[in-house]
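Asks: Next comes input29.txt, compact mmCIF, C-alpha atoms:
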```txt
# COMPACT_ATOMS: atom_id res chain seq x y z
CA MET A 1 -129.50 47.97 -79.73
CA THR A 2 -130.01 51.64 -80.24
CA ARG A 3 -129.62 53.71 -83.36
CA SER A 4 -127.12 56.52 -83.69
CA LEU A 5 -127.86 59.63 -85.71
CA LEU A 6 -125.98 58.01 -88.57
CA GLY A 7 -128.38 55.07 -88.52
CA THR A 8 -125.74 52.55 -87.48
CA ALA A 9 -126.95 50.08 -84.92
CA ALA A 10 -124.86 50.30 -81.77
CA PRO A 11 -125.18 48.02 -78.75
CA GLY A 12 -125.86 49.61 -75.38
CA PHE A 13 -123.99 48.92 -72.16
CA ASP A 14 -126.78 46.57 -71.17
CA ARG A 15 -125.02 44.25 -73.67
CA PRO A 16 -121.36 44.84 -72.74
CA LEU A 17 -119.88 41.90 -74.64
CA GLU A 18 -121.46 43.23 -77.82
CA VAL A 19 -120.08 46.68 -76.98
CA LEU A 20 -116.58 45.19 -76.69
CA GLU A 21 -117.01 43.41 -80.02
CA ALA A 22 -118.26 46.61 -81.68
CA CYS A 23 -115.24 48.42 -80.27
CA HIS A 24 -113.03 45.78 -81.88
CA ASP A 25 -114.63 46.66 -85.21
CA ARG A 26 -113.91 50.35 -84.64
CA ILE A 27 -110.30 49.61 -83.71
CA ALA A 28 -109.95 47.62 -86.94
CA ARG A 29 -111.33 50.58 -88.90
CA GLN A 30 -108.79 52.89 -87.26
CA CYS A 31 -106.07 50.44 -88.30
CA ASP A 32 -107.45 50.63 -91.86
CA THR A 33 -107.21 54.41 -91.66
CA LEU A 34 -103.58 54.20 -90.54
CA GLU A 35 -102.75 51.98 -93.52
CA LYS A 36 -104.58 54.31 -95.91
CA LEU A 37 -102.72 57.27 -94.42
CA LEU A 38 -99.38 55.55 -95.11
CA ALA A 39 -100.37 55.13 -98.75
CA HIS A 40 -101.77 58.68 -99.03
CA LEU A 41 -98.90 60.68 -97.55
CA PRO A 42 -96.14 60.04 -100.15
CA SER A 43 -98.14 61.56 -103.00
CA HIS A 44 -100.39 64.04 -101.14
CA GLY A 45 -98.36 65.06 -98.10
CA SER A 46 -100.09 66.37 -95.01
CA ASP A 47 -103.12 67.71 -96.87
CA ASP A 48 -106.55 68.24 -95.32
CA GLN A 49 -107.49 64.56 -95.66
CA ALA A 50 -104.24 63.42 -94.06
CA ARG A 51 -104.58 65.89 -91.19
CA GLN A 52 -108.17 64.85 -90.59
CA ALA A 53 -107.26 61.14 -90.65
CA ALA A 54 -104.32 61.64 -88.29
CA ARG A 55 -106.53 63.63 -85.89
CA ALA A 56 -109.24 60.95 -85.93
CA VAL A 57 -106.76 58.14 -85.28
CA MET A 58 -105.10 60.04 -82.45
CA THR A 59 -108.42 60.90 -80.85
CA TYR A 60 -109.53 57.29 -81.01
CA PHE A 61 -106.37 55.68 -79.65
CA ASP A 62 -105.91 58.39 -77.00
CA THR A 63 -109.36 57.89 -75.50
CA ALA A 64 -111.66 55.12 -76.71
CA ALA A 65 -108.96 52.47 -77.06
CA VAL A 66 -107.70 53.29 -73.56
CA HIS A 67 -111.23 52.87 -72.17
CA HIS A 68 -111.53 49.60 -74.06
CA HIS A 69 -108.34 48.16 -72.60
CA ASP A 70 -109.46 49.29 -69.14
CA ASP A 71 -112.84 47.59 -69.70
CA GLU A 72 -111.02 44.34 -70.36
CA GLU A 73 -108.22 44.54 -67.79
CA ARG A 74 -110.17 46.03 -64.89
CA ASN A 75 -113.50 44.36 -65.43
CA LEU A 76 -113.78 41.55 -68.00
CA PHE A 77 -110.55 39.70 -67.25
CA PRO A 78 -111.11 39.58 -63.47
CA LEU A 79 -114.64 38.29 -64.07
CA LEU A 80 -113.28 35.49 -66.27
CA GLU A 81 -110.74 34.57 -63.60
CA GLN A 82 -113.34 34.67 -60.82
CA ALA A 83 -115.65 32.45 -62.87
CA GLY A 84 -112.86 29.88 -63.16
CA ALA A 85 -112.93 30.02 -66.94
CA PRO A 86 -110.60 27.40 -68.45
CA GLY A 87 -107.22 28.94 -69.24
CA ALA A 88 -108.34 32.39 -68.03
CA CYS A 89 -105.12 33.15 -66.15
CA ASP A 90 -102.97 32.44 -69.21
CA LEU A 91 -105.34 34.40 -71.48
CA VAL A 92 -105.32 37.37 -69.14
CA GLU A 93 -101.54 37.40 -68.86
CA THR A 94 -101.04 37.17 -72.62
CA LEU A 95 -103.64 39.79 -73.47
CA THR A 96 -102.44 42.21 -70.78
CA LEU A 97 -98.89 41.94 -72.12
CA GLU A 98 -100.22 42.63 -75.62
CA HIS A 99 -102.09 45.69 -74.30
CA ASP A 100 -98.81 46.92 -72.82
CA GLU A 101 -96.99 46.37 -76.11
CA LEU A 102 -99.75 48.12 -78.07
CA ALA A 103 -99.58 51.08 -75.67
CA LEU A 104 -95.82 51.28 -76.14
CA LEU A 105 -96.12 51.15 -79.93
CA TRP A 106 -98.82 53.83 -79.79
CA ARG A 107 -96.60 56.14 -77.72
CA GLN A 108 -93.87 55.71 -80.35
CA LEU A 109 -96.23 56.22 -83.30
CA ARG A 110 -98.26 59.14 -81.97
CA PRO A 111 -95.62 61.91 -82.42
CA ASP A 112 -95.41 61.16 -86.15
CA LEU A 113 -99.20 61.38 -86.46
CA GLN A 114 -99.18 64.59 -84.48
CA GLN A 115 -96.76 66.03 -87.03
CA VAL A 116 -99.09 65.00 -89.87
CA GLU A 117 -102.08 66.47 -88.01
CA GLN A 118 -100.17 69.76 -87.68
CA GLY A 119 -99.53 69.82 -91.44
CA VAL A 120 -95.87 68.91 -91.33
CA ALA A 121 -94.85 66.92 -94.40
CA THR A 122 -93.66 63.80 -92.63
CA LEU A 123 -94.11 60.09 -93.08
CA PRO A 124 -94.82 57.95 -90.03
CA ASN A 125 -92.38 55.12 -89.48
CA GLU A 126 -93.84 52.50 -91.81
CA GLY A 127 -92.41 49.56 -89.89
CA LEU A 128 -93.88 50.88 -86.67
CA VAL A 129 -97.31 51.40 -88.24
CA ARG A 130 -97.24 47.90 -89.72
CA ARG A 131 -96.22 46.33 -86.36
CA PHE A 132 -98.94 48.26 -84.53
CA VAL A 133 -101.63 47.31 -87.05
CA ALA A 134 -100.55 43.66 -87.29
CA LEU A 135 -100.45 43.21 -83.52
CA TYR A 136 -103.84 44.88 -83.11
CA ARG A 137 -105.41 42.74 -85.83
CA SER A 138 -104.14 39.47 -84.34
CA HIS A 139 -105.10 40.66 -80.84
CA LEU A 140 -108.65 41.51 -81.95
CA GLU A 141 -109.03 38.22 -83.80
CA PHE A 142 -108.00 36.29 -80.70
CA GLU A 143 -110.37 38.22 -78.46
CA ASN A 144 -113.26 37.81 -80.92
CA THR A 145 -112.72 34.09 -81.43
CA ARG A 146 -111.58 33.01 -77.95
CA VAL A 147 -112.18 35.55 -75.22
CA LEU A 148 -115.66 36.83 -76.02
CA PRO A 149 -117.07 33.34 -76.70
CA LEU A 150 -115.54 32.18 -73.41
CA ALA A 151 -117.12 35.13 -71.60
CA ARG A 152 -120.51 34.31 -73.12
CA GLN A 153 -120.10 30.73 -71.94
CA VAL A 154 -119.00 31.29 -68.33
CA LEU A 155 -120.39 34.65 -67.21
CA GLY A 156 -123.85 34.83 -65.70
CA ARG A 157 -126.39 37.60 -65.95
CA ALA A 158 -125.16 39.32 -62.76
CA GLU A 159 -121.55 39.41 -64.00
CA ILE A 160 -122.63 40.72 -67.41
CA GLU A 161 -124.67 43.47 -65.75
CA ARG A 162 -121.75 44.39 -63.47
CA LEU A 163 -119.46 44.58 -66.52
CA GLY A 164 -121.90 46.86 -68.35
CA ARG A 165 -122.30 49.16 -65.35
CA ALA A 166 -118.52 49.45 -64.93
CA MET A 167 -118.03 50.20 -68.62
CA ALA A 168 -120.76 52.85 -68.58
CA ALA A 169 -119.36 54.41 -65.40
CA ARG A 170 -115.91 54.64 -66.99
CA ARG A 171 -117.51 56.85 -69.63
CA ALA A 172 -120.00 58.48 -67.22
CA LEU A 173 -122.96 57.07 -69.16
CA ARG A 174 -126.10 55.22 -68.21
CA PRO A 175 -125.92 51.47 -69.07
CA ALA A 176 -128.60 51.68 -71.76
CA GLN A 177 -126.82 54.43 -73.70
CA ASP A 178 -125.13 53.36 -76.89
CA GLU A 179 -121.37 52.85 -77.00
CA ARG A 180 -119.37 55.71 -78.48
CA THR A 181 -115.94 54.08 -78.28
```
Once you've parsed the file, please lay out its structure as structure tokens.
Replies:
Amino acid sequence: MTRSLLGTAAPGFDRPLEVLEACHDRIARQCDTLEKLLAHLPSHGSDDQARQAARAVMTYFDTAAVHHHDDEERNLFPLLEQAGAPGACDLVETLTLEHDELALLWRQLRPDLQQVEQGVATLPNEGLVRRFVALYRSHLEFENTRVLPLARQVLGRAEIERLGRAMAARRALRPAQDERT
């Protein structure tokens, strides 16, 4: 692990499964921010805090979350299938469909957040935010409790190293650099 300037320990790409898990934590925090934003907007409108929160959420889900899904779909999931992990094909199909649904929900939610970020007094569609957050939370829980433990069980050192190199390359980083997504 390396230390960021903020002092928070962050795994490097030499430990890609830990990077994925840390990214899950960051996604969960962005979901928390979305929920806080819903509560904040009715009484405060699109004030500085709301604009900053909307901008941070959009930046995260426009970039880091996309990289994360690519890490899983293009690299981790194929490795699990190649390793013959029990139930891997069903897991991959289910999780890929969830990624597609999350991407669709994000495309629907983003314009409302863009309005908030621009200072327009608007409320994001509460039902849409709640669906997005709920699906992400259940998705992350499943990956943390089923997929990552399975990967730790069936993937060898060479596969883990290949995963880390691919993840770093996606972000144009060296494998030992700490994860920023």
Asks: Fewer than 4 positions away in the same chain doesn't count, so skip those; otherwise give me all residues within 12 Å of segment 124-129 of chain A, counting all atoms listed in the file, as an NGL selection string.
Replies: :A and (30-42 or 45-46 or 50 or 54 or 57 or 101-102 or 104-117 or 120 or 133-136)
Asks: Can you tell me which residues surround Val154 of chain A at a distance of at most 9 Å, considering all atoms listed in the file, apart from same-chain residues fewer than 3 positions away, and format the answer as a PDB file with C-alpha atoms, in the frame of the given file?
Replies:
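Resulting contents of out_19.pdb:
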```
ATOM      1  CA  LEU A  80    -113.280  35.490 -66.270  1.00  0.00           C
ATOM      2  CA  ALA A  83    -115.650  32.450 -62.870  1.00  0.00           C
ATOM      3  CA  GLY A  84    -112.860  29.880 -63.160  1.00  0.00           C
ATOM      4  CA  ALA A  85    -112.930  30.020 -66.940  1.00  0.00           C
ATOM      5  CA  PRO A 149    -117.070  33.340 -76.700  1.00  0.00           C
ATOM      6  CA  LEU A 150    -115.540  32.180 -73.410  1.00  0.00           C
ATOM      7  CA  ALA A 151    -117.120  35.130 -71.600  1.00  0.00           C
TER       8      ALA A 151
END
```
Asks: Kindly give the distance, in Å, that separates atom CA of Pro16 of chain A and atom CA of Asp71 of chain A, rounded to a single decimal.
Replies: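 Going from atom CA of Pro16 of chain A over to atom CA of Asp71 of chain A, I get 9.5 Å.
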Asks: What's around Pro78 of chain A at 12 Å? Count all atoms listed in the file, leave out sequence neighbours fewer than 2 positions away in its own chain, and write the answer as number ranges by chain.
Replies: A: 70-76, 80-85, 88-89, 91-93, 96, 151, 155, 159, 162-163
Asks: Using atom CA of Val147 of chain A and atom CA of His24 of chain A as the two end points, give the distance in Å to one decimal.
Replies: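 Taking atom CA of Val147 of chain A and atom CA of His24 of chain A, their separation equals 12.2 Å.
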Asks: Would you please work out which residue, of A:Arg152, A:Arg29, A:His67, A:Arg171, is nearest to Ala53 of chain A when using only C-alpha atoms?
Replies: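 Residue with the minimum atom-to-atom distance to Ala53 of chain A: A:Arg29.
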Asks: My list of candidates is A:Glu143, A:His68, A:Gly119, A:Tyr60. Which is closest to Ala168 of chain A when distances are computed with only C-alpha atoms?
Replies: A:His68
